[in-house]
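For reference, query.cif (mmCIF, C-alpha atoms and all ligand atoms):
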data_start
loop_
_atom_site.label_atom_id
_atom_site.label_comp_id
_atom_site.auth_asym_id
_atom_site.auth_seq_id
_atom_site.Cartn_x
_atom_site.Cartn_y
_atom_site.Cartn_z
CA MET M 1 70.98 74.74 80.30
CA LYS M 2 74.00 76.20 78.53
CA PRO M 3 77.06 76.82 80.70
CA ILE M 4 77.80 80.28 82.04
CA HIS M 5 81.04 81.60 80.58
CA ILE M 6 83.62 83.25 82.78
CA GLY M 7 86.51 85.46 81.73
CA LEU M 8 89.25 85.56 84.34
CA LEU M 9 91.49 88.62 84.56
CA GLY M 10 94.67 87.74 86.44
CA VAL M 11 96.07 84.36 87.43
CA GLY M 12 97.97 85.35 90.54
CA THR M 13 97.36 83.69 93.88
CA VAL M 14 93.58 84.17 93.89
CA GLY M 15 93.06 83.71 90.14
CA GLY M 16 95.01 80.44 90.22
CA GLY M 17 93.00 79.25 93.22
CA THR M 18 89.73 80.17 91.51
CA TYR M 19 90.61 78.14 88.43
CA THR M 20 91.72 75.14 90.49
CA VAL M 21 88.75 75.06 92.89
CA LEU M 22 86.21 75.62 90.13
CA LYS M 23 87.71 72.71 88.20
CA ARG M 24 88.00 70.42 91.22
CA ASN M 25 84.48 71.04 92.56
CA HIS M 26 82.86 71.75 89.25
CA GLU M 27 80.19 69.06 89.54
CA GLU M 28 78.94 70.09 92.99
CA ILE M 29 79.07 73.75 92.05
CA ALA M 30 76.96 73.06 88.93
CA ARG M 31 74.39 71.16 91.06
CA ARG M 32 74.11 74.25 93.25
CA ALA M 33 74.14 76.87 90.50
CA GLY M 34 71.79 74.97 88.21
CA ARG M 35 74.25 75.07 85.31
CA ASP M 36 77.92 74.63 84.56
CA ILE M 37 80.21 77.53 85.40
CA VAL M 38 83.18 77.41 83.05
CA ILE M 39 86.22 79.63 82.72
CA THR M 40 86.55 79.96 78.97
CA MET M 41 89.01 82.87 78.73
CA ILE M 42 91.96 83.99 80.84
CA ALA M 43 93.99 87.18 80.56
CA ASP M 44 97.36 87.66 82.19
CA LYS M 45 100.53 89.49 81.24
CA ASP M 46 102.39 86.26 82.00
CA LEU M 47 101.05 84.09 79.17
CA GLU M 48 103.21 81.13 80.11
CA LYS M 49 101.85 81.07 83.65
CA ALA M 50 98.27 81.30 82.38
CA ARG M 51 98.82 78.50 79.86
CA LYS M 52 100.37 76.29 82.50
CA LEU M 53 97.28 76.67 84.67
CA ALA M 54 94.56 76.41 82.04
CA ASP M 55 93.24 73.46 80.07
CA PRO M 56 93.94 73.61 76.32
CA SER M 57 90.32 74.54 75.55
CA VAL M 58 90.68 77.86 77.44
CA ILE M 59 91.55 80.92 75.36
CA VAL M 60 94.57 82.63 76.92
CA THR M 61 95.46 86.21 76.08
CA ASP M 62 97.60 89.01 77.39
CA ASN M 63 94.99 91.55 76.32
CA ALA M 64 92.29 91.81 79.01
CA HIS M 65 90.11 93.95 76.72
CA GLU M 66 89.54 90.88 74.54
CA ILE M 67 87.66 89.40 77.50
CA THR M 68 85.79 92.47 78.72
CA THR M 69 84.43 93.04 75.20
CA HIS M 70 83.93 89.41 74.12
CA PRO M 71 80.30 88.63 73.25
CA ASP M 72 80.42 85.09 74.70
CA ILE M 73 81.58 86.08 78.19
CA ASP M 74 78.82 86.38 80.82
CA ILE M 75 80.84 87.24 83.94
CA VAL M 76 84.23 88.95 84.19
CA VAL M 77 86.28 88.10 87.29
CA GLU M 78 88.68 90.95 88.04
CA LEU M 79 91.68 89.79 90.09
CA ILE M 80 94.28 92.22 88.82
CA GLY M 81 94.10 94.70 91.70
CA GLY M 82 94.99 98.37 91.64
CA GLN M 83 92.71 101.24 90.90
CA THR M 84 93.39 102.37 87.34
CA ILE M 85 93.53 99.50 84.83
CA ALA M 86 91.19 97.38 86.97
CA LYS M 87 88.63 100.19 87.08
CA ASP M 88 88.76 100.72 83.31
CA LEU M 89 88.35 97.01 82.69
CA ILE M 90 85.41 96.68 85.09
CA LEU M 91 83.64 99.67 83.51
CA GLU M 92 84.32 98.28 80.05
CA ALA M 93 82.96 94.87 81.03
CA ILE M 94 79.79 96.48 82.43
CA ALA M 95 79.42 98.60 79.29
CA HIS M 96 79.53 95.38 77.28
CA GLY M 97 76.72 93.83 79.31
CA LYS M 98 78.77 91.63 81.61
CA HIS M 99 78.41 91.04 85.32
CA VAL M 100 81.53 91.49 87.43
CA VAL M 101 83.05 89.61 90.35
CA THR M 102 86.02 91.28 92.01
CA ALA M 103 88.24 91.00 95.08
CA ASN M 104 89.41 94.59 94.68
CA LYS M 105 88.65 96.31 98.00
CA ALA M 106 90.85 99.35 97.32
CA LEU M 107 88.98 100.05 94.09
CA LEU M 108 85.50 99.59 95.56
CA ALA M 109 86.26 101.51 98.78
CA ASN M 110 87.40 104.47 96.67
CA HIS M 111 85.23 104.24 93.56
CA GLY M 112 82.38 101.93 94.60
CA THR M 113 79.70 104.61 94.35
CA GLU M 114 80.57 105.33 90.72
CA ILE M 115 81.00 101.67 89.74
CA PHE M 116 77.75 100.56 91.41
CA ALA M 117 75.83 103.39 89.72
CA VAL M 118 77.17 102.48 86.28
CA ALA M 119 76.37 98.81 86.90
CA ARG M 120 72.87 99.66 88.07
CA ALA M 121 72.18 101.71 84.95
CA LYS M 122 73.22 98.72 82.82
CA GLY M 123 71.43 96.09 84.93
CA ALA M 124 74.79 94.49 85.80
CA ILE M 125 75.72 92.83 89.08
CA VAL M 126 78.99 93.71 90.82
CA ALA M 127 79.81 91.11 93.49
CA PHE M 128 82.73 91.40 95.90
CA GLU M 129 82.61 88.78 98.66
CA ALA M 130 86.35 88.14 98.23
CA ALA M 131 87.16 91.80 98.90
CA VAL M 132 86.55 91.53 102.65
CA ALA M 133 88.11 88.96 104.97
CA GLY M 134 89.05 86.50 102.19
CA GLY M 135 87.18 83.24 102.62
CA ILE M 136 84.81 84.40 105.38
CA PRO M 137 81.35 84.96 103.85
CA ILE M 138 80.88 88.20 105.76
CA ILE M 139 79.35 90.20 102.91
CA LYS M 140 76.70 87.52 102.47
CA ALA M 141 76.04 87.43 106.22
CA LEU M 142 75.69 91.22 106.48
CA ARG M 143 73.68 91.61 103.31
CA GLU M 144 71.35 88.67 103.68
CA GLY M 145 71.68 86.62 106.86
CA LEU M 146 71.36 89.62 109.19
CA THR M 147 68.86 91.55 107.12
CA ALA M 148 66.24 91.59 109.92
CA ASN M 149 68.56 93.51 112.20
CA ARG M 150 69.35 97.09 112.92
CA ILE M 151 73.10 96.61 113.04
CA THR M 152 74.72 98.53 115.87
CA TRP M 153 78.40 97.82 115.37
CA ILE M 154 81.02 95.74 113.59
CA ALA M 155 84.55 95.08 114.84
CA GLY M 156 86.95 93.02 112.80
CA ILE M 157 90.45 91.66 112.63
CA ILE M 158 90.55 92.09 108.88
CA ASN M 159 94.24 92.21 108.06
CA GLY M 160 96.07 88.93 108.54
CA THR M 161 99.54 90.41 108.16
CA ALA M 162 99.00 92.93 110.95
CA ASN M 163 97.45 90.28 113.16
CA PHE M 164 100.38 87.94 112.53
CA ILE M 165 102.80 90.69 113.54
CA LEU M 166 100.91 91.47 116.76
CA SER M 167 100.62 87.76 117.65
CA GLU M 168 104.34 87.17 117.17
CA MET M 169 105.28 90.31 119.11
CA ARG M 170 103.16 89.11 122.04
CA GLU M 171 104.03 85.41 121.97
CA LYS M 172 107.75 85.69 121.23
CA GLY M 173 108.53 89.09 122.73
CA LEU M 174 109.93 90.31 119.39
CA SER M 175 109.91 93.91 118.17
CA PHE M 176 107.68 95.21 115.40
CA ALA M 177 110.64 95.48 112.99
CA GLN M 178 111.84 91.92 113.71
CA VAL M 179 108.42 90.39 113.05
CA LEU M 180 107.81 92.48 109.96
CA GLU M 181 111.01 91.12 108.45
CA GLN M 182 109.90 87.58 109.32
CA ALA M 183 106.44 88.18 107.79
CA GLN M 184 108.04 89.40 104.59
CA LYS M 185 110.29 86.33 104.43
CA LEU M 186 107.25 84.07 104.92
CA GLY M 187 105.47 85.92 102.13
CA TYR M 188 102.64 87.22 104.33
CA ALA M 189 103.45 90.91 104.09
CA GLU M 190 103.77 92.54 100.70
CA ALA M 191 107.24 93.71 99.63
CA ASP M 192 105.79 97.16 100.34
CA PRO M 193 103.73 96.33 103.42
CA THR M 194 102.36 99.85 103.92
CA TYR M 195 98.72 98.91 103.26
CA ASP M 196 98.89 96.12 105.83
CA ILE M 197 100.79 97.80 108.67
CA GLU M 198 99.36 101.30 108.29
CA GLY M 199 95.80 99.96 108.46
CA ILE M 200 94.88 101.03 104.92
CA ASP M 201 93.85 97.55 103.76
CA ALA M 202 91.68 97.17 106.88
CA ALA M 203 90.23 100.62 106.21
CA HIS M 204 89.17 99.56 102.70
CA LYS M 205 87.41 96.52 104.17
CA ILE M 206 85.65 98.29 107.04
CA THR M 207 84.46 100.97 104.58
CA LEU M 208 82.69 98.30 102.54
CA MET M 209 81.20 96.58 105.59
CA SER M 210 80.00 99.88 107.03
CA ALA M 211 78.18 100.76 103.81
CA ILE M 212 76.38 97.41 103.81
CA ALA M 213 75.62 97.43 107.53
CA PHE M 214 74.17 100.93 107.67
CA GLY M 215 72.99 101.57 104.13
CA ILE M 216 75.34 104.49 103.53
CA PRO M 217 77.55 105.15 100.48
CA VAL M 218 81.10 103.75 100.51
CA GLN M 219 83.26 106.57 101.89
CA PHE M 220 86.90 105.60 102.20
CA SER M 221 87.94 109.24 102.55
CA LYS M 222 86.10 109.37 105.90
CA VAL M 223 87.86 106.47 107.66
CA TYR M 224 90.18 107.34 110.51
CA THR M 225 93.24 105.12 109.99
CA GLU M 226 96.09 104.40 112.39
CA GLY M 227 98.43 101.45 111.89
CA ILE M 228 100.56 99.30 114.18
CA THR M 229 104.03 100.66 113.44
CA GLN M 230 104.32 102.55 116.73
CA LEU M 231 103.29 99.67 118.99
CA THR M 232 105.86 98.40 121.45
CA GLY M 233 106.27 95.11 123.27
CA GLU M 234 105.98 97.08 126.50
CA ASP M 235 102.41 98.13 125.78
CA ILE M 236 101.48 94.63 124.64
CA ARG M 237 102.77 93.30 127.99
CA TYR M 238 101.07 95.94 130.12
CA ALA M 239 97.81 95.31 128.24
CA GLU M 240 98.14 91.60 129.10
CA GLU M 241 98.67 92.43 132.77
CA LEU M 242 95.44 94.40 132.68
CA GLY M 243 93.52 91.56 130.99
CA TYR M 244 93.60 92.92 127.43
CA ARG M 245 95.06 91.97 124.04
CA ILE M 246 96.03 94.57 121.48
CA LYS M 247 94.55 93.97 118.02
CA LEU M 248 94.37 96.09 114.88
CA LEU M 249 90.59 96.46 114.56
CA GLY M 250 88.37 97.86 111.86
CA ILE M 251 85.42 99.35 113.73
CA THR M 252 82.17 100.87 112.55
CA LYS M 253 79.37 101.85 114.90
CA ARG M 254 75.99 103.51 114.73
CA VAL M 255 75.88 106.18 117.46
CA GLU M 256 73.55 109.07 118.16
CA LYS M 257 75.58 111.61 116.18
CA GLY M 258 76.16 109.40 113.14
CA ILE M 259 78.46 106.58 112.06
CA GLU M 260 81.89 105.87 113.48
CA LEU M 261 84.36 104.49 110.94
CA ARG M 262 87.86 103.80 112.16
CA VAL M 263 90.89 101.49 112.10
CA HIS M 264 93.43 101.53 114.92
CA PRO M 265 95.24 99.33 117.42
CA THR M 266 92.74 98.50 120.15
CA LEU M 267 92.84 96.93 123.60
CA ILE M 268 90.10 94.30 123.82
CA PRO M 269 89.31 92.09 126.80
CA MET M 270 91.28 88.86 126.63
CA ARG M 271 88.17 86.81 127.42
CA ARG M 272 86.41 87.81 124.18
CA LEU M 273 86.65 85.10 121.51
CA ILE M 274 87.96 87.61 118.98
CA ALA M 275 90.87 88.48 121.29
CA ASN M 276 92.12 84.93 120.78
CA VAL M 277 92.28 85.09 116.99
CA GLU M 278 95.98 84.69 116.28
CA GLY M 279 98.35 84.71 113.32
CA VAL M 280 97.06 85.46 109.85
CA MET M 281 93.47 84.50 110.65
CA ASN M 282 90.63 87.02 110.37
CA ALA M 283 87.49 87.42 112.46
CA VAL M 284 84.56 89.80 112.42
CA VAL M 285 82.02 90.43 115.18
CA VAL M 286 78.70 91.90 114.09
CA LYS M 287 76.22 93.14 116.66
CA GLY M 288 72.60 93.26 115.57
CA ASP M 289 69.70 94.42 117.74
CA ALA M 290 67.78 91.17 117.28
CA VAL M 291 70.49 88.55 116.94
CA GLY M 292 72.98 90.00 119.43
CA ALA M 293 76.68 89.52 118.78
CA THR M 294 77.68 87.09 116.02
CA LEU M 295 81.25 86.04 115.20
CA TYR M 296 82.68 85.02 111.83
CA TYR M 297 86.14 83.46 111.75
CA GLY M 298 88.39 82.07 109.04
CA ALA M 299 91.22 82.60 106.59
CA GLY M 300 91.33 86.21 105.47
CA ALA M 301 93.66 85.63 102.56
CA GLY M 302 95.30 82.90 100.54
CA SER M 303 94.67 81.17 97.27
CA GLU M 304 91.82 78.73 97.87
CA PRO M 305 90.13 80.52 100.81
CA THR M 306 89.77 83.66 98.68
CA ALA M 307 88.78 81.55 95.66
CA SER M 308 86.00 80.13 97.83
CA ALA M 309 84.54 83.64 98.09
CA VAL M 310 85.04 84.42 94.38
CA ILE M 311 83.22 81.23 93.38
CA ALA M 312 80.39 81.86 95.85
CA ASP M 313 79.86 85.14 93.98
CA LEU M 314 79.97 83.33 90.63
CA VAL M 315 77.20 81.01 91.82
CA ASP M 316 75.17 83.95 93.15
CA VAL M 317 75.50 85.89 89.92
CA THR M 318 74.61 82.78 87.92
CA ARG M 319 71.43 82.36 89.97
CA MET M 320 70.49 86.05 90.06
CA GLN M 321 71.32 87.19 86.55
CA THR M 322 67.98 86.12 85.09
CA ALA M 323 66.01 87.90 87.83
CA ASP M 324 64.97 91.44 87.02
CA PRO M 325 67.14 93.93 88.94
CA MET M 326 64.32 94.79 91.39
CA HIS M 327 64.32 91.18 92.57
CA ARG M 328 68.04 90.85 93.08
CA VAL M 329 69.80 91.31 96.41
CA PRO M 330 70.91 94.98 96.32
CA THR M 331 74.66 95.54 96.10
CA LEU M 332 74.83 97.30 99.48
CA SER M 333 71.91 95.36 100.96
CA PHE M 334 69.70 98.48 101.02
CA GLN M 335 67.79 99.58 97.92
CA PRO M 336 70.15 101.97 96.10
CA ASP M 337 67.69 104.87 96.10
CA LEU M 338 67.20 104.45 99.84
CA LEU M 339 70.80 104.88 100.98
CA SER M 340 71.04 107.24 103.92
CA ASP M 341 73.17 110.37 104.29
CA THR M 342 73.91 109.70 107.99
CA PRO M 343 77.25 111.43 108.50
CA VAL M 344 80.49 109.70 109.39
CA ILE M 345 81.55 111.52 112.52
CA PRO M 346 85.06 113.00 112.84
CA MET M 347 87.47 111.04 115.05
CA GLU M 348 87.71 113.97 117.50
CA GLU M 349 84.03 113.41 118.33
CA VAL M 350 84.30 109.64 118.82
CA GLU M 351 83.72 108.44 122.35
CA THR M 352 85.72 105.47 123.60
CA ALA M 353 87.89 104.39 126.52
CA TYR M 354 91.66 104.81 126.54
CA TYR M 355 94.90 103.24 127.70
CA MET M 356 97.63 105.80 128.34
CA ARG M 357 101.24 105.20 129.31
CA MET M 358 103.66 107.90 130.30
CA GLN M 359 107.16 108.01 131.69
CA VAL M 360 107.54 110.36 134.65
CA ILE M 361 110.21 111.45 137.14
CA ASP M 362 109.58 109.74 140.46
CA LYS M 363 108.96 112.59 142.92
CA PRO M 364 106.12 113.92 145.10
CA GLY M 365 103.15 115.59 143.42
CA VAL M 366 103.59 114.07 139.96
CA MET M 367 100.54 111.84 140.15
CA ALA M 368 98.48 114.74 141.54
CA ASP M 369 99.52 116.99 138.60
CA ILE M 370 98.56 114.37 136.06
CA THR M 371 95.23 113.44 137.62
CA ARG M 372 94.39 117.16 137.95
CA ILE M 373 94.81 117.64 134.18
CA VAL M 374 92.76 114.55 133.45
CA ALA M 375 89.98 115.79 135.73
CA ASP M 376 90.05 119.22 134.04
CA TYR M 377 88.97 117.52 130.82
CA ASN M 378 86.21 115.58 132.52
CA ILE M 379 88.05 112.28 132.01
CA SER M 380 87.26 109.57 134.51
CA ILE M 381 90.05 107.13 135.40
CA SER M 382 89.07 103.44 135.64
CA ALA M 383 92.50 102.01 136.59
CA LEU M 384 95.87 103.45 137.48
CA ILE M 385 99.16 101.61 137.86
CA GLN M 386 102.60 102.91 138.68
CA LYS M 387 105.47 100.59 137.83
CA GLU M 388 108.47 100.55 140.13
CA ALA M 389 111.56 102.35 138.83
CA SER M 390 114.40 100.14 137.70
CA ALA M 391 117.66 100.44 139.68
CA ASP M 392 119.37 102.52 136.96
CA SER M 393 116.51 104.93 136.33
CA ASN M 394 114.79 107.73 138.21
CA THR M 395 111.69 107.53 136.02
CA VAL M 396 108.66 105.28 136.36
CA SER M 397 105.88 104.25 133.99
CA ILE M 398 102.34 105.29 134.79
CA ILE M 399 99.58 103.37 133.06
CA MET M 400 96.12 104.84 133.15
CA LEU M 401 92.85 103.41 131.82
CA THR M 402 89.90 105.74 131.37
CA HIS M 403 86.14 105.36 131.19
CA LEU M 404 84.37 106.50 128.02
CA THR M 405 85.75 109.86 126.92
CA VAL M 406 85.45 112.05 123.86
CA GLU M 407 88.64 111.79 121.80
CA LYS M 408 89.21 115.55 121.64
CA ASN M 409 89.34 115.67 125.45
CA ILE M 410 91.97 112.95 125.61
CA ASN M 411 94.00 114.70 122.92
CA ALA M 412 93.85 118.02 124.82
CA ALA M 413 94.78 116.33 128.11
CA ILE M 414 97.75 114.59 126.48
CA VAL M 415 99.05 117.89 125.09
CA ARG M 416 98.98 119.37 128.60
CA ILE M 417 100.47 116.30 130.29
CA GLU M 418 103.35 116.35 127.80
CA THR M 419 104.17 119.95 128.79
CA LEU M 420 104.78 118.93 132.44
CA SER M 421 108.51 119.04 133.15
CA VAL M 422 108.26 115.78 135.13
CA VAL M 423 106.93 113.88 132.11
CA THR M 424 109.63 112.56 129.81
CA GLY M 425 108.82 111.81 126.17
CA LYS M 426 105.48 111.25 124.54
CA VAL M 427 102.32 109.89 126.11
CA ILE M 428 101.31 106.60 124.47
CA ARG M 429 97.59 106.46 123.77
CA ILE M 430 95.71 103.32 122.66
CA ARG M 431 91.93 103.04 122.44
CA ILE M 432 89.98 100.38 124.35
CA GLU M 433 86.83 98.62 123.17
CA GLU M 434 84.94 96.28 125.49
CA LEU M 435 82.93 94.82 122.55
CA LYS M 436 79.94 93.91 124.64
CA ASP M 437 77.00 96.35 124.20
N1 LIG G 1 97.06 91.68 102.76
C1 LIG G 1 95.83 91.20 103.31
C2 LIG G 1 96.08 90.65 104.71
C3 LIG G 1 95.20 90.10 102.53
O1 LIG G 1 97.22 90.58 105.17
O2 LIG G 1 95.10 90.30 105.34
C4 LIG G 1 94.36 90.55 101.40
O3 LIG G 1 93.35 91.41 101.82
#
Please rewrite the model in this file as structure tokens.
Ligand code: HSE
Amino acid sequence: MKPIHIGLLGVGTVGGGTYTVLKRNHEEIARRAGRDIVITMIADKDLEKARKLADPSVIVTDNAHEITTHPDIDIVVELIGGQTIAKDLILEAIAHGKHVVTANKALLANHGTEIFAVARAKGAIVAFEAAVAGGIPIIKALREGLTANRITWIAGIINGTANFILSEMREKGLSFAQVLEQAQKLGYAEADPTYDIEGIDAAHKITLMSAIAFGIPVQFSKVYTEGITQLTGEDIRYAEELGYRIKLLGITKRVEKGIELRVHPTLIPMRRLIANVEGVMNAVVVKGDAVGATLYYGAGAGSEPTASAVIADLVDVTRMQTADPMHRVPTLSFQPDLLSDTPVIPMEEVETAYYMRMQVIDKPGVMADITRIVADYNISISALIQKEASADSNTVSIIMLTHLTVEKNINAAIVRIETLSVVTGKVIRIRIEELKD
């Protein structure tokens, strides 16, 4: 059978890895796909870099449109990133009858609904395994391996940079700012690390997983997102004392009122396997009603791990492209005309447990005042610790863990606690997830 022709847009870290792995494992990949998969065209602004990577037979250009419109290209691999040029190129490729493989989570989380609809109308496949958790085949697992299940929740460490920062803060007792600088020097964090540390990158990924898990449209605008910039070593240590680790989690859950979709620092029990995922590694737990909890672990970024996911998509598209669209695996696992309009519930309505820490003046009645307020909002305390005052201070830390509580009640209680004259500064609030039911 004639080879399938790939046009590669972008030879950065992932593009370079894709070229290298495809070349190195080309024979085994062809035995799996049933035909050769060959990169025949590459586009990159840096022509020299592209030429250095590619064999002489590959056409190298700095004009990506030459690839998206070229009659001989079967699949376009978009590894440029961003949401403007990448979107135009993907739509152009689809308009010219090509299938698309992309790692662009920001683009799909924001514009997936439009792109998938255009692709569907043209009979094109858009595959994006590399967009979520790098080399971990989590899209495949959710879309196919777990298809028998009613999925109840997903919780994932899906940003390696943030996880590296939290691991280093805990293990070495360093501050957020110190570790961020180190991560940037090591090349983990982007020069502008906002997407990593503010939880935006994780929010893109959990948006995509939520859509596939629950058969809802991709809705990035509905994700509640809170990053790790405000976390202190103190809270990481207190969490440890209480048997918890703090992780930046992407969480999506099916609850009675709708779908929860959120990213925030989270206390999780230290004994859970996912609590022990350290450094830049990623892990995702998926709970299905039939299978129970399943855990997927691996490299969430990097050249060859992400290339592994890109090439898996290339093999899938190669196998599926001759099937009529009704017999292909649907993009979001559910048939596109059967997506549900189950609402994403506002964060104020989410029910979870909480860790709170407050600094108070050490005098009679303080604990009573605080617990009174908490009781007024129907919040049940599950643990309460008061730390001894240091010699040079007349304030003490109170750490309180709660049972399940509606977020708006915690928020209202915090506002009132902060008005007490005996409470100094802000109340720290971090959500807790037990990750068991
Ligand atoms: N910046 C991401 C991370 C990798 O740190 O995990 C690509 O999604």
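Computed from the coordinates, the atom CA of M:Glu240 to atom CA of M:Tyr354 distance equals 14.9 Å.
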Worksheet item: When distances are computed from only C-alpha atoms and all ligand atoms, which of M:Thr405, M:Thr102, M:Thr161, M:Gln230 shows the smallest separation from ligand LIG 1 (chain G)?
Response: M:Thr161
Which centre and which edge lengths, in Å to one decimal, describe the axis-aligned box that holds all listed atoms of ligand LIG 1 (chain G) after 5 Å is added on each side, as lines of an AutoDock Vina configuration file?
center_x = 95.3
center_y = 90.9
center_z = 103.4
size_x = 13.9
size_y = 11.6
size_z = 13.9
Practice prompt. For M:Thr18, please output as number ranges by chain all residues within 7 Å (counting all atoms listed in the file; exclusion window: fewer than 6 positions along the same chain).
Written response: M: 304, 307, 310-311
Discussion item. Please find the residues contacting ligand LIG 1 (chain G) at a distance of at most 10 Å between atoms, with only C-alpha atoms and all ligand atoms counted, and report them as a ChimeraX atom specification.
Written reply: /M:14,103-106,130-134,157-164,183,187-190,193-197,200-202,204-205,280-282,299-302,306
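For M:Ala93, the residues within 7 Å (counting only C-alpha atoms, excluding itself and residues fewer than 3 positions away along the chain) are Thr68, Thr69, Val76, Leu89, Ile90, His96, Gly97 and Lys98 of chain M.
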Within 12 Å of stretch 236-239 of chain M: each stretch 104-203 of chain M residue with its shortest pair, only C-alpha atoms, as JSON lines:
{"residue": "M:Ile165", "atom": "CA", "partner": "M:Ile236", "partner_atom": "CA", "distance": 11.9}
{"residue": "M:Leu166", "atom": "CA", "partner": "M:Ile236", "partner_atom": "CA", "distance": 8.5}
{"residue": "M:Ser167", "atom": "CA", "partner": "M:Ile236", "partner_atom": "CA", "distance": 9.8}
{"residue": "M:Glu168", "atom": "CA", "partner": "M:Ile236", "partner_atom": "CA", "distance": 10.9}
{"residue": "M:Met169", "atom": "CA", "partner": "M:Ile236", "partner_atom": "CA", "distance": 8.0}
{"residue": "M:Arg170", "atom": "CA", "partner": "M:Ile236", "partner_atom": "CA", "distance": 6.3}
{"residue": "M:Glu171", "atom": "CA", "partner": "M:Ile236", "partner_atom": "CA", "distance": 9.9}
{"residue": "M:Lys172", "atom": "CA", "partner": "M:Arg237", "partner_atom": "CA", "distance": 11.3}
{"residue": "M:Gly173", "atom": "CA", "partner": "M:Arg237", "partner_atom": "CA", "distance": 8.9}
{"residue": "M:Leu174", "atom": "CA", "partner": "M:Ile236", "partner_atom": "CA", "distance": 10.8}
{"residue": "M:Ser175", "atom": "CA", "partner": "M:Ile236", "partner_atom": "CA", "distance": 10.7}
{"residue": "M:Phe176", "atom": "CA", "partner": "M:Ile236", "partner_atom": "CA", "distance": 11.1}
Worksheet item: Do you know which residues lie at most 12 Å from (93.4, 117.6, 129.1), with coordinates as in the file and all atoms listed in the file counted, and could you write them as a list of chain:residue names?
Response: M:Asp369, M:Ile370, M:Thr371, M:Arg372, M:Ile373, M:Val374, M:Ala375, M:Asp376, M:Tyr377, M:Asn378, M:Ile379, M:Ser380, M:Thr405, M:Val406, M:Glu407, M:Lys408, M:Asn409, M:Ile410, M:Asn411, M:Ala412, M:Ala413, M:Ile414, M:Val415, M:Arg416, M:Ile417, M:Glu418, M:Thr419, M:Leu420
Sorted by chain and rising residue number, list the residues of stretch 59-162 of chain M at most 9 Å from stretch 312-316 of chain M (counting all atoms listed in the file), each with its closest atom pair and distance in Å to one decimal, as a tab-separated table.
residue	atom	partner	partner_atom	distance
M:Ile75	CA	M:Leu314	CA	7.8
M:Val77	CA	M:Leu314	CA	8.6
M:Val100	CA	M:Leu314	CA	8.9
M:Val101	CA	M:Asp313	CA	6.6
M:Thr102	CA	M:Asp313	CA	8.9
M:Ala127	CA	M:Asp313	CA	6.0
M:Phe128	CA	M:Asp313	CA	7.1
M:Glu129	CA	M:Asp313	CA	6.5
M:Ala130	CA	M:Asp313	CA	8.3
M:Pro137	CA	M:Ala312	CA	8.6
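Each of M:Leu208, M:Ile4, M:Ile154, M:Leu401 was checked against M:Ala33 using only C-alpha atoms; the smallest atom-to-atom distance is that of M:Ile4.
Taking atom CA of M:Leu435 and atom CA of M:Phe214 as endpoints, the distance between them is 18.3 Å.
Pairwise distance (atom CA of M:Val126, atom CA of M:Asp337) equals 16.7 Å.
The nearest approach to M:Gln321 among the residues M:Ala124, M:Ile274, M:Ala95, M:Ile80, with all atoms listed in the file taken into account, belongs to M:Ala124.
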Discussion item. Would you pick out the contacts of M:Ser382 at 9 Å or less, using all atoms listed in the file, so that residues sharing its chain but fewer than 6 positions from it are not included, and give the list as a ChimeraX atom specification?
Written reply: /M:400-403
Resulting file, chosen residues, C-alpha atoms, as a PDB file, keeping the file's coordinate frame:
ATOM      1  CA  MET M 400      96.120 104.840 133.150  1.00  0.00           C
ATOM      2  CA  LEU M 401      92.850 103.410 131.820  1.00  0.00           C
ATOM      3  CA  THR M 402      89.900 105.740 131.370  1.00  0.00           C
ATOM      4  CA  HIS M 403      86.140 105.360 131.190  1.00  0.00           C
TER       5      HIS M 403
END
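Protein and nucleic acid residues near (82.9, 102.0, 94.9) are M:Lys87, M:Asn104, M:Lys105, M:Ala106, M:Leu107, M:Leu108, M:Ala109, M:Asn110, M:His111, M:Gly112, M:Thr113, M:Glu114, M:Ile115, M:Phe116, M:Ala117, M:Thr207, M:Leu208, M:Pro217, M:Val218, M:Gln219, M:Phe220, the criterion being any atom at most 10 Å away using only C-alpha atoms.
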Practice prompt. Write out as a count of residues only each polymer residue whose atoms come within 12 Å of M:Asp46, counting all atoms listed in the file; drop sequence neighbours fewer than 6 positions from it.
Written response: 11
List as a compact mmCIF listing (two decimals) with C-alpha atoms, in the frame of the given file the protein and nucleic acid residues near M:Arg262, meaning an atom at most 8 Å away when only C-alpha atoms are counted, but skip any in the same chain fewer than 5 places from it.
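Output (out03.txt):
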# COMPACT_ATOMS: atom_id res chain seq x y z
CA ALA M 203 90.23 100.62 106.21
CA ILE M 206 85.65 98.29 107.04
CA VAL M 223 87.86 106.47 107.66
CA TYR M 224 90.18 107.34 110.51
CA THR M 225 93.24 105.12 109.99
CA GLY M 250 88.37 97.86 111.86
CA ILE M 251 85.42 99.35 113.73
CA THR M 252 82.17 100.87 112.55
CA MET M 347 87.47 111.04 115.05
